[in-house]
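Structure first, then comments.
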Amino acid sequence: MVDSMIGTVPRDWDEACHAVSDAYFPHTLTPLSRHAASGVGVCTTELGPLRIAHIRWGADVAVESDHPGAYGVNIPLSGELESVFAGSHVLSTRGVATVCPPDITTRITRWSADCEIVGVRMDRQYLDREMEKVLGRPGMHLPDQVDLRGDDGARWLRFVRSLSDQILGPVGVLHNELVAGQLSGAVVTAFVLAAMPDSEDAVRHARPRIVKRVLDEMHDDPARVWTAAEMAEVAGVSVRRLQEGFRQYVGRSPSECLLDIRLERVHADLVDADDSTTVTDVAVRWGFTHTGRFASSFRRKYGLLPSEVLRR
């Protein structure tokens with residue numbers, strides 16, 4: 001677990017930018033006034049695949065970030081946050097969160113001088129996997145904005161703020177790795193239910209045990225050469241019953257779910273790849289043996305060829 005905070009007043013905006021980049025997300029910063037960086041404050045802690053940060057700039061600024069590999073949930077505690085990404089314009093005020101998607105450029109065109117946020121950074125693969133487990137359907141997408149002023153949202157925000165209050169206090173149970181792992185799961189599950197309340201009733205009945213077992217095994221080992229019989233064995237039912245269960249409760253076949261999981265793993269690896277990585281290396285790593293069909297499936301899902309993602 002890593003905890004950090006600015007202990008002294010930054011000498012200039014460059015120093016402030018570096019501190020916030022290290023604590024939350026790498027970004028470019030543009031001050032919108034002649035104010036000095038004396039009002040900047042940041043502290044952060046990691047809970048496994050999550051990072052919670054308190055950030056204030058103390059002046060009107062603009063911020064641009066690609067949010068590499070993770071979602072950024074920015075929750076103003078005061079002031080205003082204006083953001084633009086993927087064709088959407090989002091204005092968030094106290095109690096209303098902006099959900100910045102991973103690996104897509106977000107421009108915060110105005111972070112007001114009086115705006116302080118709690119920012120929750122959630123690893124993309126972890127959140128996508130947990131969201132599928134909670135909602136019982138793959139490929140679900142979070143909204144651009146989440147109103148946290150309702151009952152579920154307010155409870156989640158109080159939970160996150162209580163964790164962030166511990167960040168600002170002395171060392172405590174939050175620094176225990178076992179506790180941190182459990183807390184991260186609780187934060188993500190509660191956020192998904194707050195962000196997608198229309199799905200909450202369906203969640204109670206969405207995934208019978210046979211479907212959950214197979215999806216969990218797929219997520220744990222997507223590169224495995226799965227057969228229909230092996231999937232049915234994991235579920236403890238016949239192949240036909242397994243197919244029916246997936247169609248009824250997930251809306252897709254087991255093989256379609258497996259393909260989607262593999263494509264997500266490939267995409268994540270291509271985004272993080274170095275110069276020595278090839279598309280074939282990554283595809284084979286996650287169980288693809290037919291490069292033509294793989295490339296076609298990848299393009300249908302992401303709108304780009306795998307090589308185009310690798311070159312970005």
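Ordering of the structure tokens sets the chain letters (A, B, ...); residue numbers start at 1 within each chain; ligands are numbered from 1 in the order shown.
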Just the residues within 9 Å of range 211-215 of chain A, please, counting only C-alpha atoms, with nothing from its chain fewer than 2 positions along; format it as a ChimeraX atom specification. /A:132-133,136,207-209,217-220,231-232,234-235,242,245-246,249-250,254,257-258
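Minimum atom-to-atom distance to Arg121 in chain A, evaluated using only C-alpha atoms, belongs to A:Thr45 out of A:Thr45, A:Ser78, A:Gln145, A:Thr93.
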For range 55-68 of chain A, list every protein, DNA or RNA residue within 6 Å, evaluated using only C-alpha atoms, and leave out those in the same chain fewer than 3 positions away; present the list as a compact mmCIF listing (two decimals) with N, CA and C atoms, in the first residue's frame.
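Below you can see out.txt, which holds the result:
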# COMPACT_ATOMS: atom_id res chain seq x y z
N HIS A 27 -1.08 13.73 -16.29
CA HIS A 27 -1.92 14.72 -16.97
C HIS A 27 -1.09 15.92 -17.40
N THR A 28 -1.69 16.75 -18.21
CA THR A 28 -1.12 18.07 -18.49
C THR A 28 -2.01 19.11 -17.80
N LEU A 29 -1.39 20.14 -17.28
CA LEU A 29 -2.08 21.15 -16.48
C LEU A 29 -1.93 22.51 -17.13
N THR A 30 -3.04 23.25 -17.19
CA THR A 30 -3.02 24.62 -17.71
C THR A 30 -3.70 25.54 -16.71
N PRO A 31 -2.94 26.36 -15.97
CA PRO A 31 -3.58 27.34 -15.08
C PRO A 31 -4.39 28.35 -15.90
N LEU A 32 -5.56 28.70 -15.43
CA LEU A 32 -6.42 29.64 -16.15
C LEU A 32 -6.39 31.03 -15.54
N GLY A 39 -2.14 27.14 -3.33
CA GLY A 39 -3.36 26.54 -2.82
C GLY A 39 -3.51 25.06 -3.16
N VAL A 40 -2.49 24.47 -3.77
CA VAL A 40 -2.58 23.06 -4.19
C VAL A 40 -2.47 22.14 -2.98
N GLY A 41 -3.30 21.09 -2.97
CA GLY A 41 -3.20 20.08 -1.94
C GLY A 41 -3.59 18.73 -2.50
N VAL A 42 -2.87 17.69 -2.14
CA VAL A 42 -3.20 16.34 -2.60
C VAL A 42 -2.71 15.31 -1.59
N PRO A 102 -11.44 4.92 -19.21
CA PRO A 102 -10.00 4.63 -19.36
C PRO A 102 -9.55 4.73 -20.81
N ASP A 103 -8.29 5.16 -20.98
CA ASP A 103 -7.63 5.15 -22.28
C ASP A 103 -8.34 6.01 -23.32
N ILE A 104 -9.06 7.01 -22.86
CA ILE A 104 -9.73 7.99 -23.73
C ILE A 104 -9.43 9.37 -23.17
N THR A 105 -9.09 10.30 -24.04
CA THR A 105 -8.72 11.63 -23.59
C THR A 105 -9.91 12.36 -22.96
N THR A 106 -9.72 12.79 -21.74
CA THR A 106 -10.69 13.63 -21.04
C THR A 106 -10.07 15.00 -20.83
N ARG A 107 -10.79 16.03 -21.21
CA ARG A 107 -10.35 17.40 -20.97
C ARG A 107 -11.26 18.03 -19.91
N ILE A 108 -10.68 18.30 -18.76
CA ILE A 108 -11.40 19.09 -17.75
C ILE A 108 -11.15 20.54 -18.13
N THR A 109 -12.12 21.15 -18.78
CA THR A 109 -11.93 22.49 -19.33
C THR A 109 -11.93 23.56 -18.24
N ARG A 110 -12.55 23.24 -17.11
CA ARG A 110 -12.50 24.17 -15.98
C ARG A 110 -12.69 23.41 -14.68
N TRP A 111 -11.65 23.48 -13.87
CA TRP A 111 -11.69 22.98 -12.49
C TRP A 111 -11.67 24.24 -11.64
N SER A 112 -12.81 24.60 -11.05
CA SER A 112 -12.94 25.90 -10.41
C SER A 112 -12.03 26.01 -9.19
N ALA A 113 -11.68 27.25 -8.87
CA ALA A 113 -10.74 27.50 -7.77
C ALA A 113 -11.24 26.95 -6.44
N GLU A 116 -12.79 21.12 -4.67
CA GLU A 116 -11.98 20.04 -4.11
C GLU A 116 -12.69 18.74 -4.41
N ILE A 117 -11.96 17.73 -4.83
CA ILE A 117 -12.59 16.47 -5.17
C ILE A 117 -12.06 15.31 -4.32
Residue list (alpha helix (DSSP H), DSSP) for range 9-177 of chain A, as a ChimeraX atom specification: /A:13-23,124-135,151-168,177
